[in-house]
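Dropping protein09.pdb in here (PDB, C-alpha atoms, pLDDT in the B column):
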```pdb
MODEL        1
ATOM      1  CA  MET A 509     -31.857 -43.338-145.924  1.00 33.00           C
ATOM      2  CA  ASN A 510     -30.234 -43.590-142.513  1.00 36.00           C
ATOM      3  CA  GLU A 511     -26.811 -42.247-141.481  1.00 38.00           C
ATOM      4  CA  SER A 512     -24.969 -45.267-142.866  1.00 40.00           C
ATOM      5  CA  GLY A 513     -26.640 -44.836-146.261  1.00 38.00           C
ATOM      6  CA  GLU A 514     -28.966 -47.828-145.931  1.00 44.00           C
ATOM      7  CA  MET A 515     -32.609 -47.685-146.914  1.00 41.00           C
ATOM      8  CA  ASN A 516     -35.088 -47.359-144.045  1.00 41.00           C
ATOM      9  CA  GLU A 517     -37.703 -49.354-145.913  1.00 50.00           C
ATOM     10  CA  VAL A 518     -39.001 -52.430-144.163  1.00 54.00           C
ATOM     11  CA  SER A 519     -38.443 -55.696-146.019  1.00 61.00           C
ATOM     12  CA  CYS A 520     -40.509 -58.815-145.524  1.00 79.00           C
ATOM     13  CA  CYS A 521     -37.474 -61.008-146.302  1.00 83.00           C
ATOM     14  CA  ALA A 522     -34.242 -61.022-144.318  1.00 83.00           C
ATOM     15  CA  ARG A 523     -31.108 -59.945-146.164  1.00 88.00           C
ATOM     16  CA  PHE A 524     -29.550 -63.149-147.525  1.00 91.00           C
ATOM     17  CA  ASN A 525     -25.911 -64.059-146.843  1.00 91.00           C
ATOM     18  CA  PRO A 526     -24.760 -66.177-149.810  1.00 94.00           C
ATOM     19  CA  GLU A 527     -21.381 -67.242-148.357  1.00 91.00           C
ATOM     20  CA  PRO A 528     -22.493 -70.434-146.543  1.00 88.00           C
ATOM     21  CA  PHE A 529     -24.179 -71.703-149.714  1.00 91.00           C
ATOM     22  CA  GLU A 530     -21.525 -70.829-152.304  1.00 89.00           C
ATOM     23  CA  ALA A 531     -19.967 -74.107-153.490  1.00 80.00           C
ATOM     24  CA  GLY A 532     -21.158 -75.662-150.258  1.00 89.00           C
ATOM     25  CA  ALA A 533     -22.698 -78.863-149.046  1.00 91.00           C
ATOM     26  CA  LEU A 534     -25.709 -79.604-146.852  1.00 93.00           C
ATOM     27  CA  SER A 535     -26.770 -82.731-145.074  1.00 95.00           C
ATOM     28  CA  TRP A 536     -30.411 -82.970-144.022  1.00 96.00           C
ATOM     29  CA  VAL A 537     -32.102 -85.664-142.002  1.00 97.00           C
ATOM     30  CA  ASP A 538     -35.905 -85.422-141.875  1.00 97.00           C
ATOM     31  CA  LYS A 539     -35.944 -81.633-142.351  1.00 96.00           C
ATOM     32  CA  LYS A 540     -39.597 -80.519-142.119  1.00 97.00           C
ATOM     33  CA  PHE A 541     -41.295 -78.736-144.976  1.00 97.00           C
ATOM     34  CA  VAL A 542     -44.827 -77.753-145.909  1.00 98.00           C
ATOM     35  CA  HIS A 543     -45.482 -79.187-149.376  1.00 98.00           C
ATOM     36  CA  GLU A 544     -47.557 -77.165-151.836  1.00 97.00           C
ATOM     37  CA  ARG A 545     -48.011 -77.172-155.579  1.00 95.00           C
ATOM     38  CA  VAL A 546     -48.566 -74.379-158.088  1.00 95.00           C
ATOM     39  CA  ARG A 547     -49.623 -74.579-161.687  1.00 94.00           C
ATOM     40  CA  CYS A 548     -47.163 -73.276-164.240  1.00 91.00           C
ATOM     41  CA  PHE A 549     -47.211 -72.239-167.859  1.00 89.00           C
ATOM     42  CA  PHE A 550     -43.861 -73.217-169.382  1.00 83.00           C
ATOM     43  CA  HIS A 551     -42.227 -73.017-165.914  1.00 80.00           C
ATOM     44  CA  ILE A 552     -43.805 -69.630-165.115  1.00 82.00           C
ATOM     45  CA  PRO A 553     -45.764 -70.057-161.856  1.00 87.00           C
ATOM     46  CA  ILE A 554     -49.412 -69.035-161.758  1.00 90.00           C
ATOM     47  CA  GLY A 555     -50.783 -67.870-158.407  1.00 91.00           C
ATOM     48  CA  PHE A 556     -47.477 -68.283-156.546  1.00 91.00           C
ATOM     49  CA  GLY A 557     -47.836 -65.024-154.566  1.00 89.00           C
ATOM     50  CA  GLY A 558     -51.352 -65.880-153.406  1.00 92.00           C
ATOM     51  CA  MET A 559     -50.251 -69.361-152.341  1.00 95.00           C
ATOM     52  CA  MET A 560     -47.310 -67.882-150.398  1.00 92.00           C
ATOM     53  CA  GLU A 561     -49.537 -65.369-148.580  1.00 92.00           C
ATOM     54  CA  ARG A 562     -52.061 -68.062-147.634  1.00 95.00           C
ATOM     55  CA  VAL A 563     -49.493 -70.613-146.477  1.00 96.00           C
ATOM     56  CA  MET A 564     -47.273 -68.109-144.647  1.00 93.00           C
ATOM     57  CA  LYS A 565     -50.281 -66.915-142.626  1.00 94.00           C
ATOM     58  CA  ILE A 566     -50.930 -70.506-141.525  1.00 96.00           C
ATOM     59  CA  ILE A 567     -47.243 -71.252-140.798  1.00 96.00           C
ATOM     60  CA  MET A 568     -46.877 -68.068-138.744  1.00 94.00           C
ATOM     61  CA  GLY A 569     -50.188 -68.699-136.945  1.00 96.00           C
ATOM     62  CA  ALA A 570     -48.904 -72.135-135.931  1.00 97.00           C
ATOM     63  CA  GLY A 571     -45.635 -70.644-134.652  1.00 96.00           C
ATOM     64  CA  ALA A 572     -43.683 -72.783-137.130  1.00 96.00           C
ATOM     65  CA  LYS A 573     -41.688 -70.113-139.031  1.00 93.00           C
ATOM     66  CA  PRO A 574     -37.906 -70.512-138.770  1.00 90.00           C
ATOM     67  CA  GLU A 575     -35.855 -67.427-137.911  1.00 84.00           C
ATOM     68  CA  PRO A 576     -34.452 -65.280-139.393  1.00 76.00           C
ATOM     69  CA  ASP A 577     -36.219 -66.555-142.503  1.00 76.00           C
ATOM     70  CA  LEU A 578     -37.411 -69.806-143.942  1.00 84.00           C
ATOM     71  CA  ILE A 579     -36.159 -71.766-146.903  1.00 93.00           C
ATOM     72  CA  VAL A 580     -38.590 -71.749-149.839  1.00 94.00           C
ATOM     73  CA  MET A 581     -37.598 -74.272-152.493  1.00 96.00           C
ATOM     74  CA  CYS A 582     -39.139 -75.340-155.756  1.00 95.00           C
ATOM     75  CA  ASP A 583     -38.720 -78.515-157.744  1.00 94.00           C
ATOM     76  CA  GLU A 584     -39.559 -77.370-161.257  1.00 83.00           C
ATOM     77  CA  SER A 585     -39.333 -80.733-162.961  1.00 76.00           C
ATOM     78  CA  SER A 586     -42.430 -80.041-165.087  1.00 86.00           C
ATOM     79  CA  LYS A 587     -43.239 -77.026-167.226  1.00 87.00           C
ATOM     80  CA  TRP A 588     -46.866 -77.330-166.035  1.00 93.00           C
ATOM     81  CA  ARG A 589     -46.450 -77.683-162.260  1.00 93.00           C
ATOM     82  CA  SER A 590     -43.974 -76.770-159.550  1.00 93.00           C
ATOM     83  CA  GLU A 591     -43.593 -78.577-156.238  1.00 96.00           C
ATOM     84  CA  VAL A 592     -43.020 -75.963-153.528  1.00 96.00           C
ATOM     85  CA  TYR A 593     -41.395 -76.699-150.165  1.00 97.00           C
ATOM     86  CA  LEU A 594     -41.576 -74.178-147.314  1.00 96.00           C
ATOM     87  CA  GLU A 595     -39.425 -74.919-144.282  1.00 96.00           C
ATOM     88  CA  ALA A 596     -41.263 -75.301-140.966  1.00 97.00           C
ATOM     89  CA  THR A 597     -40.006 -75.839-137.428  1.00 96.00           C
ATOM     90  CA  LYS A 598     -42.852 -78.238-136.613  1.00 97.00           C
ATOM     91  CA  ASP A 599     -45.920 -79.871-138.152  1.00 97.00           C
ATOM     92  CA  VAL A 600     -48.494 -77.326-139.298  1.00 97.00           C
ATOM     93  CA  PRO A 601     -52.142 -78.438-138.920  1.00 96.00           C
ATOM     94  CA  GLY A 602     -54.160 -78.120-142.108  1.00 95.00           C
ATOM     95  CA  LEU A 603     -51.159 -78.225-144.449  1.00 97.00           C
ATOM     96  CA  GLU A 604     -49.469 -81.146-146.181  1.00 98.00           C
ATOM     97  CA  MET A 605     -46.180 -81.879-144.435  1.00 98.00           C
ATOM     98  CA  THR A 606     -43.155 -83.762-145.715  1.00 98.00           C
ATOM     99  CA  THR A 607     -39.550 -84.280-144.749  1.00 98.00           C
ATOM    100  CA  ILE A 608     -36.473 -84.102-146.922  1.00 97.00           C
ATOM    101  CA  SER A 609     -33.316 -86.043-146.181  1.00 97.00           C
ATOM    102  CA  GLY A 610     -30.147 -86.223-148.212  1.00 95.00           C
ATOM    103  CA  GLN A 611     -26.784 -84.823-149.167  1.00 94.00           C
ATOM    104  CA  PHE A 612     -26.856 -81.671-151.283  1.00 95.00           C
ATOM    105  CA  ILE A 613     -24.288 -79.662-153.206  1.00 94.00           C
ATOM    106  CA  THR A 614     -25.173 -75.945-153.276  1.00 95.00           C
ATOM    107  CA  LYS A 615     -24.283 -73.075-155.558  1.00 95.00           C
ATOM    108  CA  VAL A 616     -25.457 -69.457-155.436  1.00 96.00           C
ATOM    109  CA  PHE A 617     -26.570 -67.496-158.474  1.00 96.00           C
ATOM    110  CA  ASP A 618     -27.528 -63.822-158.670  1.00 96.00           C
ATOM    111  CA  GLY A 619     -29.553 -62.423-161.519  1.00 93.00           C
ATOM    112  CA  PRO A 620     -32.941 -62.398-163.207  1.00 91.00           C
ATOM    113  CA  TYR A 621     -35.157 -65.486-163.010  1.00 86.00           C
ATOM    114  CA  LYS A 622     -35.024 -65.754-166.798  1.00 87.00           C
ATOM    115  CA  ASP A 623     -31.433 -67.022-166.371  1.00 92.00           C
ATOM    116  CA  SER A 624     -32.540 -70.065-164.360  1.00 89.00           C
ATOM    117  CA  ALA A 625     -32.119 -72.475-167.303  1.00 89.00           C
ATOM    118  CA  LYS A 626     -28.479 -71.336-167.607  1.00 94.00           C
ATOM    119  CA  TRP A 627     -27.984 -71.828-163.851  1.00 94.00           C
ATOM    120  CA  TYR A 628     -29.317 -75.388-164.039  1.00 92.00           C
ATOM    121  CA  LYS A 629     -26.878 -76.157-166.869  1.00 94.00           C
ATOM    122  CA  VAL A 630     -23.955 -74.726-164.855  1.00 95.00           C
ATOM    123  CA  MET A 631     -24.929 -76.821-161.828  1.00 95.00           C
ATOM    124  CA  CYS A 632     -25.303 -79.994-163.908  1.00 94.00           C
ATOM    125  CA  ALA A 633     -21.889 -79.385-165.500  1.00 95.00           C
ATOM    126  CA  GLU A 634     -20.325 -78.894-162.068  1.00 91.00           C
ATOM    127  CA  LEU A 635     -21.829 -82.156-160.817  1.00 93.00           C
ATOM    128  CA  GLU A 636     -20.578 -83.976-163.908  1.00 94.00           C
ATOM    129  CA  LEU A 637     -17.112 -82.483-163.425  1.00 93.00           C
ATOM    130  CA  ARG A 638     -17.087 -83.793-159.835  1.00 91.00           C
ATOM    131  CA  GLY A 639     -18.353 -87.191-160.977  1.00 93.00           C
ATOM    132  CA  LEU A 640     -21.456 -86.876-158.799  1.00 92.00           C
ATOM    133  CA  PRO A 641     -24.888 -88.236-159.722  1.00 88.00           C
ATOM    134  CA  GLN A 642     -27.836 -85.871-159.650  1.00 81.00           C
ATOM    135  CA  ARG A 643     -31.009 -87.189-158.063  1.00 86.00           C
ATOM    136  CA  ARG A 644     -33.125 -84.043-157.680  1.00 92.00           C
ATOM    137  CA  MET A 645     -32.501 -80.334-157.981  1.00 94.00           C
ATOM    138  CA  PHE A 646     -34.235 -77.662-155.951  1.00 96.00           C
ATOM    139  CA  ALA A 647     -34.178 -73.896-156.426  1.00 95.00           C
ATOM    140  CA  TYR A 648     -34.105 -71.996-153.121  1.00 94.00           C
ATOM    141  CA  TYR A 649     -35.571 -68.547-153.712  1.00 91.00           C
ATOM    142  CA  THR A 650     -33.947 -66.480-150.964  1.00 92.00           C
ATOM    143  CA  THR A 651     -36.195 -63.403-151.188  1.00 89.00           C
ATOM    144  CA  CYS A 652     -39.436 -62.336-152.777  1.00 86.00           C
ATOM    145  CA  PRO A 653     -39.198 -60.200-155.944  1.00 86.00           C
ATOM    146  CA  ALA A 654     -39.932 -56.960-154.044  1.00 88.00           C
ATOM    147  CA  CYS A 655     -37.203 -57.601-151.458  1.00 89.00           C
ATOM    148  CA  SER A 656     -34.747 -58.673-154.178  1.00 89.00           C
ATOM    149  CA  LYS A 657     -35.256 -55.273-155.739  1.00 91.00           C
ATOM    150  CA  LYS A 658     -34.852 -53.499-152.360  1.00 92.00           C
ATOM    151  CA  HIS A 659     -31.688 -55.456-151.474  1.00 90.00           C
ATOM    152  CA  GLY A 660     -30.205 -55.101-154.963  1.00 92.00           C
ATOM    153  CA  HIS A 661     -29.690 -58.855-155.426  1.00 94.00           C
ATOM    154  CA  ASN A 662     -31.825 -61.730-156.655  1.00 94.00           C
ATOM    155  CA  TYR A 663     -29.982 -64.637-155.057  1.00 96.00           C
ATOM    156  CA  VAL A 664     -31.137 -68.123-155.961  1.00 95.00           C
ATOM    157  CA  VAL A 665     -29.431 -71.178-154.470  1.00 96.00           C
ATOM    158  CA  LEU A 666     -29.505 -74.429-156.412  1.00 95.00           C
ATOM    159  CA  LEU A 667     -29.415 -77.541-154.233  1.00 96.00           C
ATOM    160  CA  ALA A 668     -28.520 -80.727-156.074  1.00 95.00           C
ATOM    161  CA  GLU A 669     -29.186 -83.949-154.233  1.00 94.00           C
ATOM    162  CA  VAL A 670     -26.237 -86.273-154.772  1.00 91.00           C
TER     163      VAL A 670
ENDMDL
END
```
Could you spell out this file's structure in structure tokens?
Amino acid sequence: MNESGEMNEVSCCARFNPEPFEAGALSWVDKKFVHERVRCFFHIPIGFGGMMERVMKIIMGAGAKPEPDLIVMCDESSKWRSEVYLEATKDVPGLEMTTISGQFITKVFDGPYKDSAKWYKVMCAELELRGLPQRRMFAYYTTCPACSKKHGHNYVVLLAEV
């Protein structure tokens, strides 16, 4: 620990500030993302860490990593596969690129991943209460599991396209 009581351990993920995303709204026009897929078993990703290591090496090698950290989102619409979107500042050779445009309502959750089904229900109820249609929902995983443990929070932002 340092003098201010903070851990001296190095984290691979920046400390996440949830305030801008809590009950917020985003508007994206052609925001660049690398598009990957991972197999899942009842929504539990298989090989996610290996995919992240491989893709992050390529993104960083291309000089396309946003600072301080990138947005990593998943569209878990199937219990057998997850669409993964990693933000990039430019096209990355050798990887599938896509853009995402739209209006999004955001809400921050903090807790174990096993609560994600509850979080989705809360977000859907909030959209219904506001009278907003839901087109797609993404889960933005703000830190890796190791950094979540180091930081003491497992923040996940749900982004609902409206």
Exercise for review: Output the residue selection produced by the PyMOL selection byres ((chain A and resi 568) around 12) on the file above, formatted as a list in words.
Suggested key: Met560, Glu561, Arg562, Val563, Met564, Lys565, Ile566, Ile567, Gly569, Ala570, Gly571, Ala572, Lys573, Pro574, Glu575, Asp577, Leu578, Leu594, Glu595, Ala596, Thr597, Lys598, Asp599, Val600 and Pro601 of chain A
Dump as a tab-separated table the rows for residues of stretch 589-621 of chain A within 10 Å of stretch 644-660 of chain A: closest atom pair and distance in Å with one decimal, all atoms listed in the file counted, ordered by chain and rising residue number.
```
residue	atom	partner	partner_atom	distance
A:Glu591	CA	A:Phe646	CA	9.4
A:Val592	CA	A:Phe646	CA	9.3
A:Tyr593	CA	A:Tyr648	CA	9.2
A:Leu594	CA	A:Tyr648	CA	9.7
A:Phe612	CA	A:Met645	CA	8.9
A:Ile613	CA	A:Met645	CA	9.5
A:Thr614	CA	A:Phe646	CA	9.6
A:Lys615	CA	A:Ala647	CA	10.0
A:Val616	CA	A:Tyr648	CA	9.3
A:Asp618	CA	A:Gly660	CA	9.8
A:Gly619	CA	A:Ser656	CA	9.7
A:Pro620	CA	A:Pro653	CA	9.8
A:Tyr621	CA	A:Pro653	CA	9.7
```
Point to revise | Spatial neighbours of stretch 634-640 of chain A, 10 Å, all atoms listed in the file, chain gap at least 6 places, as number ranges by chain | key: A: 531, 613, 615, 628, 668-670
Exercise for review: Report the distance between atom CA of A:Phe549 and atom CA of A:Lys587 in Å, rounded to one decimal place.
Suggested key: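 Going from atom CA of A:Phe549 over to atom CA of A:Lys587, I get 6.3 Å.
Using all atoms listed in the file for every distance, the candidate list A:Leu534, A:Leu666, A:Ile554, A:Cys582 yields A:Leu666 as the residue closest to A:Lys629.
Evaluating the PyMOL selection byres ((chain A and resi 551) around 9) against the shown model yields Arg547, Cys548, Phe549, Phe550, Ile552, Pro553, Glu584, Ser585, Ser586, Lys587, Trp588, Arg589 and Ser590 of chain A.
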Go ahead and save the picked residues with C-alpha atoms, as a PDB file, keeping the file's coordinate frame.
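And here is the file that came out, again17.pdb:
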```pdb
ATOM      1  CA  ARG A 547     -49.623 -74.579-161.687  1.00 94.00           C
ATOM      2  CA  CYS A 548     -47.163 -73.276-164.240  1.00 91.00           C
ATOM      3  CA  PHE A 549     -47.211 -72.239-167.859  1.00 89.00           C
ATOM      4  CA  PHE A 550     -43.861 -73.217-169.382  1.00 83.00           C
ATOM      5  CA  ILE A 552     -43.805 -69.630-165.115  1.00 82.00           C
ATOM      6  CA  PRO A 553     -45.764 -70.057-161.856  1.00 87.00           C
ATOM      7  CA  GLU A 584     -39.559 -77.370-161.257  1.00 83.00           C
ATOM      8  CA  SER A 585     -39.333 -80.733-162.961  1.00 76.00           C
ATOM      9  CA  SER A 586     -42.430 -80.041-165.087  1.00 86.00           C
ATOM     10  CA  LYS A 587     -43.239 -77.026-167.226  1.00 87.00           C
ATOM     11  CA  TRP A 588     -46.866 -77.330-166.035  1.00 93.00           C
ATOM     12  CA  ARG A 589     -46.450 -77.683-162.260  1.00 93.00           C
ATOM     13  CA  SER A 590     -43.974 -76.770-159.550  1.00 93.00           C
TER      14      SER A 590
END
```
Practice item. Provide the atom CA of A:Phe524 to atom CA of A:Met581 distance in Å, to one decimal place. Key: 14.6 Å
Practice item. Please measure the separation of atom CA of A:Val542 and atom CA of A:Thr607, giving the value in Å to one decimal. Key: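 Atom CA of A:Thr607 lies at a distance of 8.5 Å from atom CA of A:Val542.
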Using all atoms listed in the file, which protein or nucleic acid residues come within 10 Å of A:Pro576? Drop anything in the same chain fewer than 6 positions from it, and give the result as a CSV table (one decimal) with C-alpha atoms, in the frame of the given file.
```
chain,number,residue,atom,x,y,z
A,521,CYS,CA,-37.5,-61.0,-146.3
A,522,ALA,CA,-34.2,-61.0,-144.3
A,523,ARG,CA,-31.1,-59.9,-146.2
A,524,PHE,CA,-29.6,-63.1,-147.5
```
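Each of A:Gly610, A:Cys520, A:Asp623, A:Phe556 was compared to A:Tyr663 using all atoms listed in the file, and A:Asp623 turns out to be the nearest.
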Could you rebuild stretch 648-670 of chain A with N, CA and C atoms and give it back as a JSON list (two decimals), in the coordinates of the input?
```
[["chain", "number", "residue", "atom", "x", "y", "z"],
["A", 648, "TYR", "N", -33.78, -72.70, -154.36],
["A", 648, "TYR", "CA", -34.10, -72.00, -153.12],
["A", 648, "TYR", "C", -34.16, -70.51, -153.45],
["A", 649, "TYR", "N", -35.37, -69.97, -153.43],
["A", 649, "TYR", "CA", -35.57, -68.55, -153.71],
["A", 649, "TYR", "C", -35.43, -67.80, -152.39],
["A", 650, "THR", "N", -34.34, -67.05, -152.25],
["A", 650, "THR", "CA", -33.95, -66.48, -150.96],
["A", 650, "THR", "C", -34.78, -65.27, -150.54],
["A", 651, "THR", "N", -35.37, -64.57, -151.49],
["A", 651, "THR", "CA", -36.20, -63.40, -151.19],
["A", 651, "THR", "C", -37.31, -63.29, -152.22],
["A", 652, "CYS", "N", -38.35, -62.60, -151.83],
["A", 652, "CYS", "CA", -39.44, -62.34, -152.78],
["A", 652, "CYS", "C", -38.95, -61.31, -153.80],
["A", 653, "PRO", "N", -39.63, -61.17, -154.92],
["A", 653, "PRO", "CA", -39.20, -60.20, -155.94],
["A", 653, "PRO", "C", -39.08, -58.76, -155.42],
["A", 654, "ALA", "N", -40.00, -58.33, -154.56],
["A", 654, "ALA", "CA", -39.93, -56.96, -154.04],
["A", 654, "ALA", "C", -38.69, -56.75, -153.18],
["A", 655, "CYS", "N", -38.38, -57.73, -152.32],
["A", 655, "CYS", "CA", -37.20, -57.60, -151.46],
["A", 655, "CYS", "C", -35.91, -57.75, -152.26],
["A", 656, "SER", "N", -35.93, -58.57, -153.31],
["A", 656, "SER", "CA", -34.75, -58.67, -154.18],
["A", 656, "SER", "C", -34.42, -57.31, -154.76],
["A", 657, "LYS", "N", -35.45, -56.61, -155.18],
["A", 657, "LYS", "CA", -35.26, -55.27, -155.74],
["A", 657, "LYS", "C", -34.73, -54.31, -154.67],
["A", 658, "LYS", "N", -35.30, -54.37, -153.46],
["A", 658, "LYS", "CA", -34.85, -53.50, -152.36],
["A", 658, "LYS", "C", -33.41, -53.78, -151.96],
["A", 659, "HIS", "N", -33.03, -55.07, -151.90],
["A", 659, "HIS", "CA", -31.69, -55.46, -151.47],
["A", 659, "HIS", "C", -30.65, -55.34, -152.59],
["A", 660, "GLY", "N", -31.12, -55.23, -153.84],
["A", 660, "GLY", "CA", -30.20, -55.10, -154.96],
["A", 660, "GLY", "C", -29.62, -56.41, -155.46],
["A", 661, "HIS", "N", -30.16, -57.54, -154.99],
["A", 661, "HIS", "CA", -29.69, -58.86, -155.43],
["A", 661, "HIS", "C", -30.88, -59.80, -155.53],
["A", 662, "ASN", "N", -30.83, -60.67, -156.52],
["A", 662, "ASN", "CA", -31.82, -61.73, -156.66],
["A", 662, "ASN", "C", -31.08, -63.07, -156.53],
["A", 663, "TYR", "N", -30.72, -63.39, -155.30],
["A", 663, "TYR", "CA", -29.98, -64.64, -155.06],
["A", 663, "TYR", "C", -30.90, -65.83, -155.16],
["A", 664, "VAL", "N", -30.45, -66.84, -155.87],
["A", 664, "VAL", "CA", -31.14, -68.12, -155.96],
["A", 664, "VAL", "C", -30.06, -69.18, -155.70],
["A", 665, "VAL", "N", -30.35, -70.09, -154.78],
["A", 665, "VAL", "CA", -29.43, -71.18, -154.47],
["A", 665, "VAL", "C", -29.96, -72.45, -155.11],
["A", 666, "LEU", "N", -29.13, -73.12, -155.90],
["A", 666, "LEU", "CA", -29.50, -74.43, -156.41],
["A", 666, "LEU", "C", -28.94, -75.47, -155.46],
["A", 667, "LEU", "N", -29.80, -76.43, -155.09],
["A", 667, "LEU", "CA", -29.42, -77.54, -154.23],
["A", 667, "LEU", "C", -29.58, -78.81, -155.05],
["A", 668, "ALA", "N", -28.48, -79.48, -155.31],
["A", 668, "ALA", "CA", -28.52, -80.73, -156.07],
["A", 668, "ALA", "C", -28.33, -81.89, -155.12],
["A", 669, "GLU", "N", -29.32, -82.76, -155.07],
["A", 669, "GLU", "CA", -29.19, -83.95, -154.23],
["A", 669, "GLU", "C", -28.25, -84.93, -154.93],
["A", 670, "VAL", "N", -27.24, -85.37, -154.20],
["A", 670, "VAL", "CA", -26.24, -86.27, -154.77],
["A", 670, "VAL", "C", -26.17, -87.57, -154.00]]
```
